[in-house]
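File shown: structure.cif. Contents: mmCIF, C-alpha atoms.
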data_my_file
#
loop_
_atom_site.group_PDB
_atom_site.id
_atom_site.type_symbol
_atom_site.label_atom_id
_atom_site.label_comp_id
_atom_site.auth_asym_id
_atom_site.auth_seq_id
_atom_site.Cartn_x
_atom_site.Cartn_y
_atom_site.Cartn_z
ATOM 1 C CA MET A 1 58.464 171.288 144.249
ATOM 2 C CA ASP A 2 58.822 174.575 142.418
ATOM 3 C CA GLN A 3 62.513 175.432 142.928
ATOM 4 C CA VAL A 4 62.187 178.791 141.182
ATOM 5 C CA ARG A 5 59.265 179.855 143.408
ATOM 6 C CA ILE A 6 61.093 178.699 146.542
ATOM 7 C CA GLY A 7 64.235 180.520 145.392
ATOM 8 C CA LYS A 8 62.352 183.780 144.889
ATOM 9 C CA PHE A 9 60.760 183.375 148.331
ATOM 10 C CA ILE A 10 64.181 182.833 149.949
ATOM 11 C CA ALA A 11 65.480 185.974 148.222
ATOM 12 C CA GLU A 12 62.442 188.050 149.282
ATOM 13 C CA SER A 13 62.656 186.773 152.884
ATOM 14 C CA ARG A 14 66.385 187.511 153.020
ATOM 15 C CA ARG A 15 65.922 191.048 151.710
ATOM 16 C CA SER A 16 63.058 191.696 154.142
ATOM 17 C CA LYS A 17 65.468 190.823 156.970
ATOM 18 C CA GLY A 18 68.036 193.259 155.535
ATOM 19 C CA LEU A 19 70.571 190.496 154.870
ATOM 20 C CA THR A 20 72.974 190.159 151.966
ATOM 21 C CA GLN A 21 73.636 186.749 150.434
ATOM 22 C CA ARG A 22 77.045 186.780 152.141
ATOM 23 C CA GLN A 23 75.548 187.553 155.573
ATOM 24 C CA LEU A 24 72.991 184.763 155.231
ATOM 25 C CA ALA A 25 75.702 182.379 154.027
ATOM 26 C CA ASP A 26 77.951 183.264 156.981
ATOM 27 C CA ALA A 27 75.072 182.665 159.415
ATOM 28 C CA LEU A 28 74.607 179.176 157.946
ATOM 29 C CA ALA A 29 78.361 178.450 157.534
ATOM 30 C CA ILE A 30 77.998 177.960 153.780
ATOM 31 C CA SER A 31 79.205 179.812 150.692
ATOM 32 C CA ASP A 32 77.303 182.717 149.175
ATOM 33 C CA LYS A 33 77.356 180.736 145.902
ATOM 34 C CA THR A 34 75.089 178.169 147.580
ATOM 35 C CA VAL A 35 72.634 180.906 148.601
ATOM 36 C CA SER A 36 72.746 182.274 145.050
ATOM 37 C CA LYS A 37 72.039 178.789 143.684
ATOM 38 C CA TRP A 38 68.942 178.498 145.887
ATOM 39 C CA GLU A 39 67.675 181.964 145.008
ATOM 40 C CA THR A 40 68.021 181.380 141.264
ATOM 41 C CA GLY A 41 66.085 178.099 141.480
ATOM 42 C CA ARG A 42 69.075 175.863 140.635
ATOM 43 C CA GLY A 43 68.817 173.847 143.834
ATOM 44 C CA LEU A 44 67.119 173.450 147.186
ATOM 45 C CA PRO A 45 68.619 173.638 150.668
ATOM 46 C CA GLU A 46 69.609 170.257 152.037
ATOM 47 C CA VAL A 47 67.485 168.932 154.868
ATOM 48 C CA SER A 48 70.084 169.699 157.562
ATOM 49 C CA LEU A 49 70.085 173.395 156.558
ATOM 50 C CA MET A 50 66.321 173.913 156.354
ATOM 51 C CA LEU A 51 65.719 174.641 160.049
ATOM 52 C CA PRO A 52 68.715 177.012 160.429
ATOM 53 C CA LEU A 53 67.715 178.776 157.178
ATOM 54 C CA CYS A 54 64.120 179.167 158.335
ATOM 55 C CA GLY A 55 65.326 180.455 161.698
ATOM 56 C CA ALA A 56 67.563 183.055 160.021
ATOM 57 C CA LEU A 57 64.725 184.187 157.738
ATOM 58 C CA GLY A 58 61.938 184.050 160.349
ATOM 59 C CA ILE A 59 59.834 181.562 158.374
ATOM 60 C CA THR A 60 58.651 177.976 158.871
ATOM 61 C CA VAL A 61 59.766 174.928 156.895
ATOM 62 C CA ASN A 62 56.232 174.746 155.530
ATOM 63 C CA ASP A 63 56.559 178.354 154.302
ATOM 64 C CA LEU A 64 59.900 177.479 152.695
ATOM 65 C CA LEU A 65 58.625 174.388 150.864
ATOM 66 C CA SER A 66 55.506 176.256 149.724
ATOM 67 C CA GLY A 67 57.454 179.274 148.515
ATOM 68 C CA GLU A 68 55.167 181.662 150.431
ATOM 69 C CA ARG A 69 54.061 182.546 153.943
ATOM 70 C CA ILE A 70 51.255 180.224 155.055
ATOM 71 C CA SER A 71 48.400 181.360 157.258
ATOM 72 C CA ALA A 72 47.527 179.269 160.315
ATOM 73 C CA ALA A 73 44.245 178.225 158.668
ATOM 74 C CA ASP A 74 46.049 176.792 155.612
ATOM 75 C CA TYR A 75 48.990 175.277 157.501
ATOM 76 C CA GLN A 76 47.763 171.665 157.672
ATOM 77 C CA LYS A 77 46.607 171.627 154.065
ATOM 78 C CA LYS A 78 49.931 173.010 152.799
ATOM 79 C CA ALA A 79 51.911 170.597 154.983
ATOM 80 C CA GLU A 80 50.081 167.643 153.436
ATOM 81 C CA GLY A 81 50.600 169.098 149.954
ATOM 82 C CA ASN A 82 54.320 169.535 150.557
ATOM 83 C CA MET A 83 54.604 165.943 151.802
ATOM 84 C CA MET A 84 52.842 164.674 148.667
ATOM 85 C CA ASN A 85 55.176 166.763 146.494
ATOM 86 C CA LEU A 86 58.209 165.186 148.168
ATOM 87 C CA ILE A 87 56.789 161.703 147.599
ATOM 88 C CA ARG A 88 56.052 162.531 143.939
ATOM 89 C CA GLU A 89 59.555 163.934 143.463
ATOM 90 C CA ASN A 90 61.127 160.761 144.894
ATOM 91 C CA GLU A 91 58.949 158.580 142.650
ATOM 92 C CA GLU A 92 59.909 160.660 139.603
ATOM 93 C CA ASN A 93 63.595 160.276 140.486
ATOM 94 C CA ARG A 94 63.185 156.501 140.755
ATOM 95 C CA ARG A 95 61.434 156.437 137.375
ATOM 96 C CA ARG A 96 64.218 158.452 135.738
ATOM 97 C CA MET A 97 66.854 156.164 137.257
ATOM 98 C CA ALA A 98 65.036 153.075 135.950
ATOM 99 C CA LEU A 99 64.690 154.654 132.485
ATOM 100 C CA SER A 100 68.396 155.488 132.534
ATOM 101 C CA VAL A 101 69.308 151.858 133.270
ATOM 102 C CA VAL A 102 66.910 150.535 130.603
ATOM 103 C CA THR A 103 68.195 153.046 128.030
ATOM 104 C CA GLY A 104 71.781 152.034 128.760
ATOM 105 C CA ALA A 105 70.967 148.322 128.474
ATOM 106 C CA ILE A 106 69.091 148.779 125.185
ATOM 107 C CA THR A 107 71.983 150.827 123.814
ATOM 108 C CA VAL A 108 74.504 148.104 124.682
ATOM 109 C CA VAL A 109 72.353 145.400 123.063
ATOM 110 C CA ALA A 110 71.745 147.495 119.935
ATOM 111 C CA VAL A 111 75.420 148.384 119.523
ATOM 112 C CA CYS A 112 76.502 144.761 120.003
ATOM 113 C CA ALA A 113 73.931 143.586 117.439
ATOM 114 C CA LEU A 114 75.012 146.202 114.893
ATOM 115 C CA VAL A 115 78.727 145.422 115.419
ATOM 116 C CA THR A 116 77.967 141.738 114.890
ATOM 117 C CA ILE A 117 76.107 142.520 111.660
ATOM 118 C CA ALA A 118 78.961 144.722 110.409
ATOM 119 C CA ALA A 119 81.547 142.061 111.238
ATOM 120 C CA LEU A 120 79.843 138.823 110.195
ATOM 121 C CA VAL A 121 77.331 139.599 107.469
ATOM 122 C CA GLU A 122 78.650 139.893 103.919
ATOM 123 C CA LEU A 123 77.959 143.482 102.870
ATOM 124 C CA PRO A 124 79.302 145.827 100.218
ATOM 125 C CA ALA A 125 81.974 148.145 101.602
ATOM 126 C CA ALA A 126 79.673 151.200 101.485
ATOM 127 C CA ALA A 127 76.923 149.351 103.368
ATOM 128 C CA ARG A 128 79.415 148.143 106.009
ATOM 129 C CA VAL A 129 80.647 151.699 106.529
ATOM 130 C CA ALA A 130 77.027 152.903 106.791
ATOM 131 C CA VAL A 131 76.296 150.240 109.458
ATOM 132 C CA ILE A 132 79.400 151.268 111.429
ATOM 133 C CA VAL A 133 78.453 154.963 111.266
ATOM 134 C CA PHE A 134 74.884 154.119 112.324
ATOM 135 C CA THR A 135 76.270 152.018 115.200
ATOM 136 C CA LEU A 136 78.336 154.967 116.439
ATOM 137 C CA ALA A 137 75.299 157.272 116.201
ATOM 138 C CA VAL A 138 73.086 154.804 118.114
ATOM 139 C CA GLY A 139 75.756 154.410 120.801
ATOM 140 C CA ALA A 140 76.254 158.167 121.208
ATOM 141 C CA ALA A 141 72.505 158.891 121.302
ATOM 142 C CA GLY A 142 71.857 156.099 123.816
ATOM 143 C CA ILE A 143 74.674 157.177 126.118
ATOM 144 C CA ALA A 144 73.550 160.821 125.945
ATOM 145 C CA ALA A 145 69.935 159.903 126.775
ATOM 146 C CA ALA A 146 71.015 157.690 129.673
ATOM 147 C CA ALA A 147 73.298 160.459 130.997
ATOM 148 C CA VAL A 148 70.533 163.095 130.886
ATOM 149 C CA LEU A 149 68.123 160.790 132.734
ATOM 150 C CA ASP A 150 70.735 159.738 135.301
ATOM 151 C CA SER A 151 71.949 163.278 136.042
ATOM 152 C CA SER A 152 68.393 164.506 136.677
ATOM 153 C CA ALA A 153 67.425 161.518 138.854
ATOM 154 C CA GLY A 154 68.014 162.656 142.411
ATOM 155 C CA TYR A 155 71.091 164.270 143.889
ATOM 156 C CA PHE A 156 74.775 163.708 144.548
ATOM 157 C CA GLU A 157 76.032 163.796 148.153
ATOM 158 C CA CYS A 158 79.362 165.428 148.958
ATOM 159 C CA PRO A 159 81.501 163.015 151.042
ATOM 160 C CA TYR A 160 82.942 165.936 153.038
ATOM 161 C CA CYS A 161 80.068 168.251 154.000
ATOM 162 C CA ARG A 162 77.068 166.042 153.047
ATOM 163 C CA GLU A 163 75.592 168.724 150.745
ATOM 164 C CA LEU A 164 73.050 167.338 148.282
ATOM 165 C CA PHE A 165 73.391 168.914 144.843
ATOM 166 C CA VAL A 166 72.671 168.396 141.159
ATOM 167 C CA PRO A 167 75.776 168.921 138.987
ATOM 168 C CA GLY A 168 75.702 170.746 135.677
ATOM 169 C CA MET A 169 75.615 168.526 132.593
ATOM 170 C CA LYS A 170 79.140 169.576 131.543
ATOM 171 C CA GLU A 171 80.629 168.608 134.925
ATOM 172 C CA TYR A 172 78.547 165.415 135.002
ATOM 173 C CA VAL A 173 79.745 164.237 131.572
ATOM 174 C CA LYS A 174 83.415 165.041 132.231
ATOM 175 C CA SER A 175 83.591 163.350 135.644
ATOM 176 C CA TYR A 176 85.141 159.976 136.421
ATOM 177 C CA HIS A 177 82.565 157.576 137.871
ATOM 178 C CA THR A 178 81.718 154.141 139.189
ATOM 179 C CA LEU A 179 78.223 152.623 139.158
ATOM 180 C CA THR A 180 77.054 154.536 142.252
ATOM 181 C CA LYS A 181 79.545 157.406 142.659
ATOM 182 C CA ARG A 182 80.885 160.244 140.528
ATOM 183 C CA ARG A 183 83.927 162.490 141.042
ATOM 184 C CA LEU A 184 82.407 165.967 141.393
ATOM 185 C CA THR A 185 83.173 169.320 142.984
ATOM 186 C CA CYS A 186 80.791 170.289 145.782
ATOM 187 C CA PRO A 187 79.208 173.743 145.317
ATOM 188 C CA LYS A 188 79.057 174.209 149.110
ATOM 189 C CA CYS A 189 82.549 173.339 150.371
ATOM 190 C CA GLY A 190 84.407 173.447 147.038
ATOM 191 C CA LYS A 191 86.091 170.069 147.599
ATOM 192 C CA THR A 192 86.288 167.427 144.878
ATOM 193 C CA GLY A 193 85.545 163.815 145.741
ATOM 194 C CA MET A 194 83.568 160.696 144.905
ATOM 195 C CA CYS A 195 79.980 161.811 145.483
ATOM 196 C CA ARG A 196 77.331 159.159 146.082
ATOM 197 C CA HIS A 197 74.237 159.241 143.891
ATOM 198 C CA SER A 198 71.072 159.457 145.996
ATOM 199 C CA ILE A 199 67.554 159.235 144.558
ATOM 200 C CA THR A 200 65.785 160.660 147.620
ATOM 201 C CA ARG A 201 66.460 163.630 149.888
#
Please lay out the structure from this file as structure tokens.
Amino acid sequence: MDQVRIGKFIAESRRSKGLTQRQLADALAISDKTVSKWETGRGLPEVSLMLPLCGALGITVNDLLSGERISAADYQKKAEGNMMNLIRENEENRRRMALSVVTGAITVVAVCALVTIAALVELPAAARVAVIVFTLAVGAAGIAAAAVLDSSAGYFECPYCRELFVPGMKEYVKSYHTLTKRRLTCPKCGKTGMCRHSITR
């Protein structure tokens, strides 16, 4: 789905209703920062907010997901297209998650192999140092690639308000995490907690 197009449509629909971001946010019991995030294309409304948002803006969910008002004649066609886009998005998130896991595994194997070579193979001091430096570079590059893939694969769910969001890379990298959860600050409620990683909406 085109988040930027949807965001512009939300902004246009809000303005046509004579609402400020704060007024729309208050009507939905969310922060105006969340509305701003939608309108700038940095996120999509979670499923539980789509119907109330559409009601406040006088649009349909199909209009929202299409990023434009849909005529009755095109409604069915657009609905099918939006469903296919959601399926494609979920498949892409699964692919990114799988690539993240594979990248991490390859990095671990490569680093272990290079450490073994540096420790056990007789090498001149300069060559040993070069192998160690190369090992550090491989490890850093592999971790960075895995992090980029993982952060863009799906969403994180706030344990307090159930908001689905994608954290910024800086927050993602700095956060404490387990295999399936990451300590993040929710952009909707502002609380910090262990947010579950979810591939699908």
6 Å contact set for range 95-101 of chain A, all atoms listed in the file, chain neighbours under 2 positions out, as a PyMOL selection string: chain A and resi 92-93+103-104+146+149-150+153
When the PyMOL selection byres ((chain A and resi 86) around 12) is applied to the structure above, which residues does it catch, written out as a PDB file with C-alpha atoms, in the coordinates of the input?
ATOM      1  CA  MET A   1      58.464 171.288 144.249  1.00  0.00           C
ATOM      2  CA  ASP A   2      58.822 174.575 142.418  1.00  0.00           C
ATOM      3  CA  LEU A  65      58.625 174.388 150.864  1.00  0.00           C
ATOM      4  CA  SER A  66      55.506 176.256 149.724  1.00  0.00           C
ATOM      5  CA  ALA A  79      51.911 170.597 154.983  1.00  0.00           C
ATOM      6  CA  GLU A  80      50.081 167.643 153.436  1.00  0.00           C
ATOM      7  CA  GLY A  81      50.600 169.098 149.954  1.00  0.00           C
ATOM      8  CA  ASN A  82      54.320 169.535 150.557  1.00  0.00           C
ATOM      9  CA  MET A  83      54.604 165.943 151.802  1.00  0.00           C
ATOM     10  CA  MET A  84      52.842 164.674 148.667  1.00  0.00           C
ATOM     11  CA  ASN A  85      55.176 166.763 146.494  1.00  0.00           C
ATOM     12  CA  ILE A  87      56.789 161.703 147.599  1.00  0.00           C
ATOM     13  CA  ARG A  88      56.052 162.531 143.939  1.00  0.00           C
ATOM     14  CA  GLU A  89      59.555 163.934 143.463  1.00  0.00           C
ATOM     15  CA  ASN A  90      61.127 160.761 144.894  1.00  0.00           C
ATOM     16  CA  GLU A  91      58.949 158.580 142.650  1.00  0.00           C
ATOM     17  CA  GLU A  92      59.909 160.660 139.603  1.00  0.00           C
ATOM     18  CA  ASN A  93      63.595 160.276 140.486  1.00  0.00           C
ATOM     19  CA  GLY A 154      68.014 162.656 142.411  1.00  0.00           C
ATOM     20  CA  ILE A 199      67.554 159.235 144.558  1.00  0.00           C
ATOM     21  CA  THR A 200      65.785 160.660 147.620  1.00  0.00           C
ATOM     22  CA  ARG A 201      66.460 163.630 149.888  1.00  0.00           C
TER      23      ARG A 201
END
From the options A:Met169, A:Val4, A:Met194, A:Cys186, which residue's atoms come nearest to Ala144 in chain A, counting all atoms listed in the file? A:Met169
Non-local contacts of Ile132 in chain A (8 Å; all atoms listed in the file; under 5 positions in same chain excluded) as a PyMOL selection string: chain A and resi 114-115+118
Take the PyMOL selection byres ((chain A and resi 14) around 10), run it mentally on this structure, and tell me the resulting residues as a ChimeraX atom specification. /A:8-13,15-21,23-24,39,53,56-58
Take the PyMOL selection byres ((chain A and resi 138) around 12), apply it to the structure above, and return the hits as a list in words.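 For this structure, the PyMOL selection byres ((chain A and resi 138) around 12) captures Thr103, Gly104, Ile106, Thr107, Val108, Val109, Ala110, Val111, Cys112, Ala113, Leu114, Val115, Val131, Ile132, Val133, Phe134, Thr135, Leu136, Ala137, Gly139, Ala140, Ala141, Gly142, Ile143, Ala144 and Ala145 of chain A.
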Using only the atoms of range 128-142 of chain A listed in the file, plus 5 Å on each side, state the axis-aligned box centre and edge lengths in Å rounded to one decimal, as JSON.
{"center_x": 76.3, "center_y": 153.5, "center_z": 114.9, "size_x": 18.8, "size_y": 20.7, "size_z": 27.8}
Minimum-distance residue to Ser198 in chain A, chosen among A:Leu164, A:Leu28, A:Val173, A:Ile6 (using all atoms listed in the file):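 For Ser198 in chain A, the nearest of the candidates is A:Leu164.
Picture a line from CA of Cys54 in chain A to CA of Gly190 in chain A; it runs 23.9 Å.
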Residue among A:Val47, A:Val166, A:Ala105, A:Leu179 lying closest to Val148 in chain A, counting only C-alpha atoms: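 Result for the nearest residue to Val148 in chain A: A:Val166.
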